[in-house]
Structure formats: structure tokens, C-alpha cells
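See below for data.tsv, which holds TSV, C-alpha atoms.
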```
chain	number	residue	atom	x	y	z
P	1	MET	CA	0.00	0.00	0.00
P	2	MET	CA	1.41	3.36	-1.00
P	3	THR	CA	1.37	5.72	1.91
P	4	ASP	CA	2.23	9.36	1.44
P	5	ASP	CA	3.71	11.79	3.88
P	6	LEU	CA	1.50	14.80	3.18
P	7	ALA	CA	4.23	17.19	4.25
P	8	ALA	CA	6.75	15.84	1.73
P	9	PRO	CA	6.67	16.93	-1.91
P	10	LEU	CA	4.63	14.56	-4.03
P	11	ASN	CA	6.71	11.98	-5.90
P	12	TYR	CA	5.15	12.44	-9.31
P	13	LEU	CA	7.46	10.03	-11.08
P	14	GLU	CA	6.49	7.15	-8.83
P	15	ARG	CA	2.83	8.16	-8.71
P	16	ILE	CA	2.60	8.30	-12.52
P	17	LYS	CA	4.46	5.01	-12.89
P	18	SER	CA	2.03	3.25	-10.55
P	19	TYR	CA	-0.94	4.87	-12.24
P	20	TYR	CA	-0.09	3.79	-15.77
P	21	LEU	CA	1.01	0.33	-14.69
P	22	GLY	CA	-2.27	0.06	-12.83
P	23	LEU	CA	-4.17	1.00	-15.99
P	24	GLY	CA	-2.29	-1.71	-17.85
P	25	TYR	CA	0.24	0.41	-19.76
P	26	GLU	CA	3.87	-0.54	-19.38
P	27	LYS	CA	5.28	1.94	-21.83
P	28	ALA	CA	3.45	5.18	-21.15
P	29	LEU	CA	5.12	7.60	-18.80
P	30	CYS	CA	6.78	5.05	-16.57
P	31	LEU	CA	10.12	5.72	-15.02
P	32	GLY	CA	12.51	3.54	-16.95
P	33	THR	CA	15.83	2.13	-15.90
P	34	ALA	CA	17.60	4.73	-13.82
P	35	ARG	CA	21.01	5.78	-15.05
Y	1	MET	CA	9.29	-5.88	-26.17
Y	2	LYS	CA	8.35	-2.24	-25.74
Y	3	LYS	CA	10.68	-0.23	-23.54
Y	4	PRO	CA	9.21	1.88	-20.75
Y	5	TYR	CA	9.38	5.64	-21.21
Y	6	VAL	CA	12.58	7.10	-19.82
Y	7	TRP	CA	12.40	10.61	-18.39
Y	8	ALA	CA	15.17	12.97	-19.42
Y	9	GLN	CA	18.17	13.38	-17.16
Y	10	LEU	CA	20.94	15.81	-18.03
Y	11	ASP	CA	24.50	14.75	-17.28
Y	12	GLU	CA	25.51	18.38	-17.04
Y	13	VAL	CA	23.27	21.34	-16.33
Y	14	PRO	CA	24.51	24.60	-17.84
Y	15	PHE	CA	24.49	27.70	-15.68
Y	16	THR	CA	24.61	31.34	-16.80
Y	17	PRO	CA	24.73	34.11	-14.24
Y	18	LEU	CA	22.56	37.12	-14.88
Y	19	THR	CA	24.87	39.46	-16.77
Y	20	LYS	CA	23.26	42.75	-15.77
Y	21	PRO	CA	21.65	44.13	-12.64
Y	22	LEU	CA	18.21	42.65	-12.09
Y	23	ALA	CA	16.72	46.14	-12.01
Y	24	ALA	CA	17.87	46.60	-15.61
Y	25	ALA	CA	17.03	43.12	-16.84
Y	26	ARG	CA	14.37	42.23	-19.39
Y	27	VAL	CA	12.51	39.14	-18.26
Y	28	GLY	CA	10.47	36.85	-20.49
Y	29	ILE	CA	7.82	34.30	-19.58
Y	30	VAL	CA	7.70	30.83	-21.08
Y	31	THR	CA	4.45	28.96	-20.66
Y	32	THR	CA	2.92	25.67	-21.74
Y	33	ALA	CA	-0.52	27.27	-21.55
Y	34	SER	CA	-2.31	27.91	-24.83
Y	35	PRO	CA	-3.98	31.11	-26.14
Y	36	TYR	CA	-7.73	30.90	-25.75
Y	37	ASP	CA	-9.54	30.26	-29.01
Y	38	PRO	CA	-13.33	29.87	-28.77
Y	39	ALA	CA	-13.25	27.78	-31.96
Y	40	ASN	CA	-11.52	25.02	-29.97
Y	41	GLY	CA	-14.40	24.35	-27.61
Y	42	ASP	CA	-14.47	24.47	-23.85
Y	43	GLN	CA	-11.14	25.58	-22.45
Y	44	GLY	CA	-12.36	26.26	-18.95
Y	45	PRO	CA	-11.97	27.17	-16.24
Y	46	GLY	CA	-12.82	23.65	-15.10
Y	47	ALA	CA	-12.95	22.20	-18.62
Y	48	ALA	CA	-12.36	18.51	-19.20
Y	49	TYR	CA	-9.22	17.62	-21.12
Y	50	ASN	CA	-9.44	19.30	-24.53
Y	51	GLY	CA	-6.83	18.19	-27.03
Y	52	LYS	CA	-8.08	20.64	-29.64
Y	53	SER	CA	-6.44	23.52	-27.80
Y	54	LYS	CA	-3.05	21.84	-27.79
Y	55	PHE	CA	-0.30	23.53	-29.79
Y	56	PHE	CA	2.65	21.82	-31.40
Y	57	GLN	CA	5.00	24.65	-32.30
Y	58	CYS	CA	6.85	27.17	-30.22
Y	59	PHE	CA	5.46	30.68	-30.59
Y	60	ALA	CA	5.88	34.26	-29.38
Y	61	ALA	CA	2.75	36.30	-28.72
Y	62	PRO	CA	2.41	39.93	-27.58
Y	63	ILE	CA	1.74	40.76	-23.96
Y	64	GLU	CA	-0.49	43.62	-25.06
Y	65	PRO	CA	-3.41	43.40	-25.14
Y	66	PHE	CA	-3.25	41.28	-22.00
Y	67	PRO	CA	-3.30	37.63	-23.11
Y	68	ASP	CA	-5.86	35.00	-22.26
Y	69	VAL	CA	-4.13	31.65	-21.96
Y	70	ARG	CA	-5.67	28.42	-20.76
Y	71	ILE	CA	-4.54	24.96	-19.68
Y	72	ALA	CA	-7.42	22.77	-20.85
Y	73	HIS	CA	-5.06	20.74	-23.06
Y	74	ILE	CA	-2.88	19.82	-20.11
Y	75	ALA	CA	-3.01	17.14	-17.40
Y	76	TYR	CA	-2.91	19.49	-14.42
Y	77	ASP	CA	-4.51	18.47	-11.13
Y	78	ARG	CA	-8.16	18.73	-12.11
Y	79	THR	CA	-9.37	17.52	-8.74
Y	80	HIS	CA	-7.95	20.46	-6.82
Y	81	THR	CA	-7.00	23.13	-9.35
Y	82	THR	CA	-9.89	25.14	-10.75
Y	83	ALA	CA	-7.76	27.10	-13.27
Y	84	SER	CA	-10.17	29.95	-12.59
Y	85	ASP	CA	-7.33	32.43	-12.08
Y	86	MET	CA	-4.90	32.61	-14.99
Y	87	ALA	CA	-2.40	34.34	-12.71
Y	88	SER	CA	-1.92	31.07	-10.80
Y	89	TYR	CA	-0.24	29.57	-13.89
Y	90	PHE	CA	0.76	32.60	-15.96
Y	91	PRO	CA	2.70	35.21	-13.98
Y	92	LEU	CA	2.52	38.17	-16.40
Y	93	ALA	CA	0.54	40.45	-14.08
Y	94	ALA	CA	2.89	39.67	-11.21
Y	95	MET	CA	5.95	40.35	-13.35
Y	96	LEU	CA	4.51	43.67	-14.52
Y	97	ARG	CA	4.06	44.62	-10.86
Y	98	GLN	CA	7.72	43.74	-10.32
Y	99	VAL	CA	8.58	46.27	-13.05
Y	100	GLU	CA	6.46	48.92	-11.29
Y	101	ALA	CA	8.25	48.13	-8.07
Y	102	GLY	CA	11.58	48.62	-9.79
Y	103	LYS	CA	12.76	45.06	-9.17
Y	104	ILE	CA	13.24	44.30	-12.88
Y	105	GLY	CA	13.81	46.57	-15.85
Y	106	SER	CA	11.06	45.29	-18.11
Y	107	VAL	CA	9.00	42.35	-19.22
Y	108	SER	CA	9.61	41.14	-22.75
Y	109	PRO	CA	7.05	42.49	-25.25
Y	110	HIS	CA	6.22	38.84	-25.98
Y	111	TYR	CA	5.50	35.78	-23.93
Y	112	TYR	CA	6.58	32.42	-25.34
Y	113	GLY	CA	4.63	29.22	-25.76
Y	114	LEU	CA	6.55	25.96	-25.43
Y	115	PRO	CA	4.72	22.80	-26.54
Y	116	THR	CA	4.57	20.08	-23.96
Y	117	ASN	CA	5.83	16.90	-25.63
Y	118	ARG	CA	6.78	13.44	-24.44
Y	119	SER	CA	9.26	13.30	-27.30
Y	120	GLN	CA	12.48	14.64	-25.84
Y	121	ARG	CA	13.95	14.64	-29.34
Y	122	VAL	CA	11.29	17.05	-30.61
Y	123	THR	CA	11.65	19.23	-27.54
Y	124	THR	CA	15.44	19.47	-27.68
Y	125	GLU	CA	15.98	19.49	-31.45
Y	126	ILE	CA	13.01	21.52	-32.66
Y	127	ASP	CA	11.19	23.39	-29.91
Y	128	CYS	CA	14.08	24.59	-27.77
Y	129	PRO	CA	16.18	26.09	-30.61
Y	130	LYS	CA	13.09	27.95	-31.79
Y	131	LEU	CA	12.42	29.18	-28.26
Y	132	VAL	CA	15.99	30.40	-27.88
Y	133	SER	CA	15.72	32.27	-31.18
Y	134	LEU	CA	12.47	33.95	-30.15
Y	135	CYS	CA	13.95	35.06	-26.83
Y	136	GLN	CA	17.10	36.34	-28.51
Y	137	GLN	CA	15.04	38.37	-30.98
Y	138	ASP	CA	13.50	40.18	-28.02
Y	139	ALA	CA	16.88	40.68	-26.31
Y	140	VAL	CA	15.65	38.85	-23.21
Y	141	ASP	CA	18.16	38.71	-20.34
Y	142	ALA	CA	16.34	36.13	-18.25
Y	143	VAL	CA	13.37	33.84	-18.52
Y	144	VAL	CA	10.83	32.48	-16.07
Y	145	LEU	CA	9.46	29.11	-17.22
Y	146	VAL	CA	6.11	27.92	-15.91
Y	147	PRO	CA	5.04	24.33	-16.53
Y	148	ASN	CA	1.68	22.79	-15.67
Y	149	CYS	CA	1.61	19.01	-16.12
Y	150	PRO	CA	4.29	16.40	-15.41
Y	151	VAL	CA	5.58	16.31	-18.99
Y	152	CYS	CA	5.49	20.13	-19.12
Y	153	HIS	CA	7.99	20.06	-16.25
Y	154	GLN	CA	10.34	17.94	-18.31
Y	155	SER	CA	9.89	20.12	-21.40
Y	156	VAL	CA	10.67	23.38	-19.59
Y	157	ALA	CA	13.63	21.81	-17.81
Y	158	LEU	CA	15.13	20.86	-21.17
Y	159	ALA	CA	14.35	24.35	-22.47
Y	160	ALA	CA	16.06	25.97	-19.48
Y	161	SER	CA	19.23	24.11	-20.34
Y	162	GLN	CA	19.32	25.39	-23.90
Y	163	LEU	CA	18.47	28.94	-22.89
Y	164	GLU	CA	21.32	28.91	-20.39
Y	165	LYS	CA	23.74	27.66	-23.06
Y	166	ALA	CA	22.62	30.64	-25.16
Y	167	GLY	CA	23.47	33.04	-22.33
Y	168	ILE	CA	19.95	33.59	-21.01
Y	169	ALA	CA	19.53	33.01	-17.28
Y	170	THR	CA	16.49	30.96	-16.28
Y	171	VAL	CA	14.36	30.06	-13.32
Y	172	VAL	CA	11.65	27.42	-13.39
Y	173	LEU	CA	8.51	27.89	-11.30
Y	174	GLY	CA	7.43	24.33	-10.67
Y	175	CYS	CA	5.08	22.15	-8.65
Y	176	ALA	CA	6.65	18.76	-9.51
Y	177	LYS	CA	9.96	19.05	-7.69
Y	178	ASP	CA	11.06	15.48	-8.38
Y	179	ILE	CA	10.61	15.77	-12.13
Y	180	ILE	CA	12.50	19.04	-12.40
Y	181	GLU	CA	15.33	17.80	-10.21
Y	182	HIS	CA	15.46	14.50	-12.08
Y	183	VAL	CA	16.04	16.31	-15.38
Y	184	GLY	CA	18.26	18.97	-13.78
Y	185	VAL	CA	17.84	22.73	-14.02
Y	186	PRO	CA	19.92	25.73	-12.99
Y	187	ARG	CA	17.28	27.25	-10.71
Y	188	LEU	CA	13.94	26.00	-9.41
Y	189	LEU	CA	11.45	27.95	-7.36
Y	190	PHE	CA	9.35	25.10	-5.99
Y	191	ASN	CA	5.74	25.69	-4.98
Y	192	ASP	CA	4.32	22.71	-3.12
Y	193	LEU	CA	0.91	23.19	-4.66
Y	194	PRO	CA	-1.30	21.13	-6.98
Y	195	LEU	CA	-0.25	21.09	-10.63
Y	196	GLY	CA	-1.56	24.17	-12.39
Y	197	ASN	CA	-0.58	26.64	-9.66
Y	198	ALA	CA	3.13	27.07	-10.30
Y	199	ALA	CA	2.82	30.88	-10.27
Y	200	GLY	CA	1.05	30.97	-6.91
Y	201	LEU	CA	-2.26	30.52	-5.14
Y	202	PRO	CA	-5.33	31.38	-7.19
Y	203	HIS	CA	-7.06	34.69	-6.45
Y	204	ASP	CA	-4.23	35.64	-4.10
Y	205	THR	CA	-2.18	38.52	-5.47
Y	206	GLY	CA	0.04	38.54	-2.42
Y	207	ALA	CA	1.02	34.90	-2.94
Y	208	GLN	CA	1.60	35.46	-6.67
Y	209	ASP	CA	3.77	38.49	-5.95
Y	210	LEU	CA	5.75	36.46	-3.44
Y	211	VAL	CA	6.40	33.73	-6.02
Y	212	ALA	CA	7.49	36.28	-8.61
Y	213	SER	CA	9.79	38.00	-6.14
Y	214	LEU	CA	11.37	34.78	-4.91
Y	215	ALA	CA	11.93	33.59	-8.48
Y	216	LEU	CA	13.65	36.84	-9.42
Y	217	ASP	CA	15.79	36.71	-6.27
Y	218	LEU	CA	16.88	33.23	-7.30
Y	219	LEU	CA	18.11	34.57	-10.63
Y	220	VAL	CA	20.56	36.72	-8.69
Y	221	GLU	CA	21.36	34.59	-5.65
Y	222	ALA	CA	21.94	31.15	-7.19
Y	223	SER	CA	25.62	30.54	-7.85
Y	224	ALA	CA	25.49	27.01	-9.27
Y	225	PRO	CA	23.08	24.72	-11.10
Y	226	HIS	CA	20.64	22.43	-9.28
Y	227	THR	CA	19.64	25.27	-6.95
Y	228	THR	CA	16.16	24.77	-5.51
Y	229	VAL	CA	14.33	27.19	-3.26
Y	230	GLN	CA	10.90	26.31	-1.88
Y	231	SER	CA	8.31	29.01	-1.37
Y	232	PRO	CA	6.48	29.01	1.99
Y	233	LEU	CA	3.11	28.68	0.28
Y	234	THR	CA	0.76	25.88	1.27
Y	235	TRP	CA	-2.37	24.92	-0.57
Y	236	SER	CA	-5.43	26.92	0.38
Y	237	GLY	CA	-7.82	24.05	-0.41
Y	238	ALA	CA	-8.04	20.48	0.93
Y	239	ALA	CA	-5.11	19.58	3.17
Y	240	ASP	CA	-4.86	16.05	1.73
Y	241	TRP	CA	-4.71	17.14	-1.92
Y	242	LYS	CA	-1.56	15.07	-2.47
Y	243	GLN	CA	-3.53	11.85	-2.00
Y	244	ASP	CA	-5.50	12.33	-5.20
Y	245	TYR	CA	-3.34	13.01	-8.25
Y	246	SER	CA	-3.14	9.88	-10.45
Y	247	ASN	CA	-3.43	7.68	-7.37
Y	248	ILE	CA	-4.33	4.21	-8.66
Y	249	GLU	CA	-4.91	2.97	-5.10
Y	250	ARG	CA	-7.87	5.30	-4.74
Y	251	LEU	CA	-9.66	3.93	-7.82
Y	252	SER	CA	-12.18	1.11	-8.10
Y	253	GLU	CA	-11.94	-1.51	-10.86
Y	254	GLU	CA	-14.80	0.17	-12.70
Y	255	GLU	CA	-13.04	3.54	-12.57
Y	256	ILE	CA	-9.83	1.98	-13.80
Y	257	ALA	CA	-11.64	0.43	-16.77
Y	258	ARG	CA	-13.33	3.74	-17.53
Y	259	LEU	CA	-10.06	5.67	-17.31
Y	260	ARG	CA	-8.31	3.21	-19.55
Y	261	ALA	CA	-11.03	3.57	-22.19
Y	262	GLU	CA	-10.83	7.36	-21.85
Y	263	PHE	CA	-7.05	7.33	-22.20
Y	264	ASP	CA	-7.28	5.17	-25.33
Y	265	ALA	CA	-9.78	7.62	-26.82
Y	266	VAL	CA	-7.57	10.60	-25.98
Y	267	LYS	CA	-4.58	8.93	-27.63
Y	268	LYS	CA	-6.62	8.33	-30.81
Y	269	ASP	CA	-7.77	11.96	-30.90
Y	270	ALA	CA	-4.26	13.23	-30.24
Y	271	LYS	CA	-2.96	11.18	-33.13
Y	272	LYS	CA	-5.62	12.63	-35.47
Y	273	ILE	CA	-4.89	16.19	-34.37
Y	274	LYS	CA	-1.16	15.71	-34.82
Y	275	GLU	CA	-1.63	14.21	-38.28
Y	276	ALA	CA	-3.94	17.07	-39.24
Y	277	VAL	CA	-1.35	19.60	-38.10
Y	278	LYS	CA	1.39	17.83	-40.10
Y	279	ALA	CA	-0.79	17.83	-43.21
Y	280	ASP	CA	-1.34	21.63	-43.05
```

As C-alpha cells, please, write out the structure in this file.
Amino acid sequence: MMTDDLAAPLNYLERIKSYYLGLGYEKALCLGTAR
Amino acid sequence: MKKPYVWAQLDEVPFTPLTKPLAAARVGIVTTASPYDPANGDQGPGAAYNGKSKFFQCFAAPIEPFPDVRIAHIAYDRTHTTASDMASYFPLAAMLRQVEAGKIGSVSPHYYGLPTNRSQRVTTEIDCPKLVSLCQQDAVDAVVLVPNCPVCHQSVALAASQLEKAGIATVVLGCAKDIIEHVGVPRLLFNDLPLGNAAGLPHDTGAQDLVASLALDLLVEASAPHTTVQSPLTWSGAADWKQDYSNIERLSEEEIARLRAEFDAVKKDAKKIKEAVKAD
């Protein structure tokens, strides 16, 4: 379960990755392999 | 096998100091918002996503008469951002007040539209060089870049890099700190507010003036790239706004199915619009 600290800045990269994976898209707007 | 999308990350972030006193500097505004055109349907405030108002080429438009720019084509935080106050995402009025206050010399006679684009190649090879040229034509000394959606943040971060290489100092006003810092920018004024409010709280001139002032200070005070300053602003709406944006855990199976169908439809429309633009 993703829990968020409301005081910390929102982690958009992780949030978007989870969202699109959850919708069934692997390619769209996921964070790829980190350099 | 399809590869997942990889967000841009700059190995080196260029940095240009402001080359004249701030009080003499000409400052330009770069936005991913789009000029309102009634022919493109509902562009808000509060409009659903409207791909018809999306633009695909960099442009310069006059600041007089006062522009009307909207963000209906952008994935800002529609749950919490009303987009009812343009000044919360387009800081022209605030910058003009900074001129009156003597903090900056002038605002550029044009503002600049930067397309938001997942294609980093298009952004860096086509849009950014055009943006640099437009800013140079207006003899801009510094630029404030204001993104709205997650990909907008990437696009403006890439643009900041090219502007700096061209000798134009930049500061990004952003709400997605992680995206901007992942790409790498010289200067970020971070507002911990829902997407679509990077220039300050809606209907709050004091907050918008504070953001403008802090951003301009950063132009002078930053001495190295990757400098982030956070404004003291907190969201004036729901305290738990961060729980909502693209949070898959908050969605039922039915909502997920609906959103997937909606996303597929948006992608089809976007493709048609893009092909129509290419054909013109």
C-alpha cells in the first residue's frame, strides 16, 4: 500500500508510474531504468 | 518488447549568471498554456481535457493586449485546481508589478509558448532552438518558465538548459519538484501546490507576488546549477490534496476500466490532431 507523507513533496514520477502500470500500460510515462 | 518511457536526465546542467543588474534586466515568460480560441471548444476554467487547444509549435505572442491563456489541453490536477485564475499559472501580471516596483527593468514584449511533448527529441531538437531564437530576438536577459503538467515540467527543464547555453539566465517555477530535479535545471522555485498553480495561489495577489519576487531573487542569488528554493506557500484548499493526483490505489476496478477507455480515446484523438497539423 502506497502511503504518502502529506508534508513531503509529491513523488510524481512514482505516482505516474504506478498509475499507468495500474491502468495496464507498461510503456506510457513510466520511469525507466535509472542511469 | 516495448521499452518503458525514460524521463530525461541531463548529465551536465549549464548555468549562466545574470549578466546585468536585475533592475535593468528584461525578463520573459515561457508557458505551456495555450492562447484561448473559442473555436476550440471548452477551455475552462474547469474544462475537461481538450486536445483541440493543444499547440505543437513554439510561438511568441504579444503581452499587449493582455493575453488570455488556458490549460485545458494539459493534465494538471483537475481535482484540486480550478484554473479559474490565470495568474496562478501565468505570472505576467505579477511580473509587470515587479517592473512597477523597480525590481526588474522590463518584461519582454512577448510571452513564449513551449509545446509540452513526451518526445524529448522534438523538444530538444526543434522546440528549444526555436524558443531560444524567439527570446534572442527580443533581447531577453532572463526567462521564467512555468510548466503545468508532469511532462510540461520535463519540457521546460530541457528548455532551461538550452536557454542557459545561449546566455539567457532561467528560473523554473514548478510544482513537480522530483521531475524538475530528475532532469536537472539551474534554478527551481518550488511551490508545493497542486499542478496548475506554479505561479502561486489562485485569487491571491500577495502569494503570486511572493512567487514572482522569490523567483527573481533566485536569478541573482543562485551561484550554481541544481539550486532549488521552496516558497512558503501551502495549498489553500483540501489539506490532503496530495492523495488524489493519479493515485491508482484510490480507484475502483470500474473507474480503472473507464479511465483506460478514456485514455485510449484521448490517444486516438491526439494522433488525429497531430496528423492534421502535419498535413497543413

Would you mind listing what lies within 8 Å of Y:Met95 as a list in words, with all atoms listed in the file counted and same-chain residues fewer than 6 positions away left out?
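Listing them by chain and then by number gives Val107, Asp209 and Ala212 of chain Y.
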
Separating atom CA of Y:Pro14 from atom CA of Y:Val151, to the nearest tenth of an Å, is a gap of 20.7 Å

Can you tell me which residues surround P:Pro9 at a distance of at most 9 Å, considering all atoms listed in the file, apart from same-chain residues fewer than 6 positions away, and format the answer as JSON, numbers by chain?
{"Y": [175, 176, 177, 178, 192, 193, 242]}

Atoms kept (C-alpha atoms) for selection, written as a short mmCIF file (atom, residue, chain, number, x, y, z; two decimals), in the coordinates of the input:
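The resulting file, part-v3.cif, is shown below:
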```
data_model
loop_
_atom_site.label_atom_id
_atom_site.label_comp_id
_atom_site.auth_asym_id
_atom_site.auth_seq_id
_atom_site.Cartn_x
_atom_site.Cartn_y
_atom_site.Cartn_z
CA CYS Y 175 5.08 22.15 -8.65
CA ALA Y 176 6.65 18.76 -9.51
CA LYS Y 177 9.96 19.05 -7.69
CA ASP Y 178 11.06 15.48 -8.38
CA ASP Y 192 4.32 22.71 -3.12
CA LEU Y 193 0.91 23.19 -4.66
CA LYS Y 242 -1.56 15.07 -2.47
#
```

For Y:Thr123, list every protein, DNA or RNA residue within 9 Å, evaluated using all atoms listed in the file, and leave out those in the same chain fewer than 5 positions away; present the list as an mmCIF file with C-alpha atoms, in the coordinates of the input.
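After the write, part-v9.cif holds the following:
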```cif
data_model
loop_
_atom_site.group_PDB
_atom_site.id
_atom_site.type_symbol
_atom_site.label_atom_id
_atom_site.label_comp_id
_atom_site.auth_asym_id
_atom_site.auth_seq_id
_atom_site.Cartn_x
_atom_site.Cartn_y
_atom_site.Cartn_z
ATOM 1 C CA LEU Y 114 6.550 25.960 -25.430
ATOM 2 C CA PRO Y 115 4.720 22.800 -26.540
ATOM 3 C CA THR Y 116 4.570 20.080 -23.960
ATOM 4 C CA ASN Y 117 5.830 16.900 -25.630
ATOM 5 C CA ARG Y 118 6.780 13.440 -24.440
ATOM 6 C CA CYS Y 128 14.080 24.590 -27.770
ATOM 7 C CA PRO Y 129 16.180 26.090 -30.610
ATOM 8 C CA SER Y 155 9.890 20.120 -21.400
ATOM 9 C CA LEU Y 158 15.130 20.860 -21.170
ATOM 10 C CA ALA Y 159 14.350 24.350 -22.470
#
```

Quick one: distance from atom CA of Y:Leu18 to atom CA of Y:Thr234 in Å, one decimal?
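Rounded to one decimal, the two atoms are 29.4 Å apart.
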
Within 6 Å of P:Tyr19, counting all atoms listed in the file, which residues qualify if same-chain residues fewer than 2 places away don't, as an MDAnalysis selection string?
(chainID P and resid 16:17 21:22) or (chainID Y and resid 246 248)

Which residues, written as an mmCIF file with C-alpha atoms, keeping the file's coordinate frame, have at least one atom at most 12 Å from Y:Glu262, with all atoms listed in the file counted and residues fewer than 6 positions away on the same chain left out?
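That gives us out23.cif:
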```cif
data_model
loop_
_atom_site.group_PDB
_atom_site.id
_atom_site.type_symbol
_atom_site.label_atom_id
_atom_site.label_comp_id
_atom_site.auth_asym_id
_atom_site.auth_seq_id
_atom_site.Cartn_x
_atom_site.Cartn_y
_atom_site.Cartn_z
ATOM 1 C CA LEU P 23 -4.170 1.000 -15.990
ATOM 2 C CA ALA Y 48 -12.360 18.510 -19.200
ATOM 3 C CA TYR Y 49 -9.220 17.620 -21.120
ATOM 4 C CA GLU Y 255 -13.040 3.540 -12.570
ATOM 5 C CA ILE Y 256 -9.830 1.980 -13.800
ATOM 6 C CA LYS Y 268 -6.620 8.330 -30.810
ATOM 7 C CA ASP Y 269 -7.770 11.960 -30.900
#
```

Shortest interatomic distance to Y:Asn50 - which of Y:Gln136, Y:Gln162, Y:Ser84, Y:Ser34, counting all atoms listed in the file
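Of Y:Gln136, Y:Gln162, Y:Ser84, Y:Ser34, the one nearest Y:Asn50, counting all atoms listed in the file, is Y:Ser34.
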
Just checking: using all atoms listed in the file, which residue out of Y:Gly174, Y:Pro186, Y:Pro225, Y:Pro150 ends up closest to P:Arg15?
Y:Pro150

Using only C-alpha atoms, can you tell me which of Y:Gly184, Y:Ala93, Y:Ile179, Y:Asp217 comes closest to P:Glu14?
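So, comparing all the options, the nearest one is Y:Ile179.
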
If you measure from atom CA of Y:Ala61 to atom CA of Y:Thr31, what distance in Å do you get, rounded to one decimal?
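Answer for the atom CA of Y:Ala61 to atom CA of Y:Thr31 separation: 11.0 Å.
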
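Counting only C-alpha atoms and comparing Y:Pro194, Y:Gly206, Y:Pro38, Y:Gly237, the residue that lies closest to chain P is Y:Pro194.
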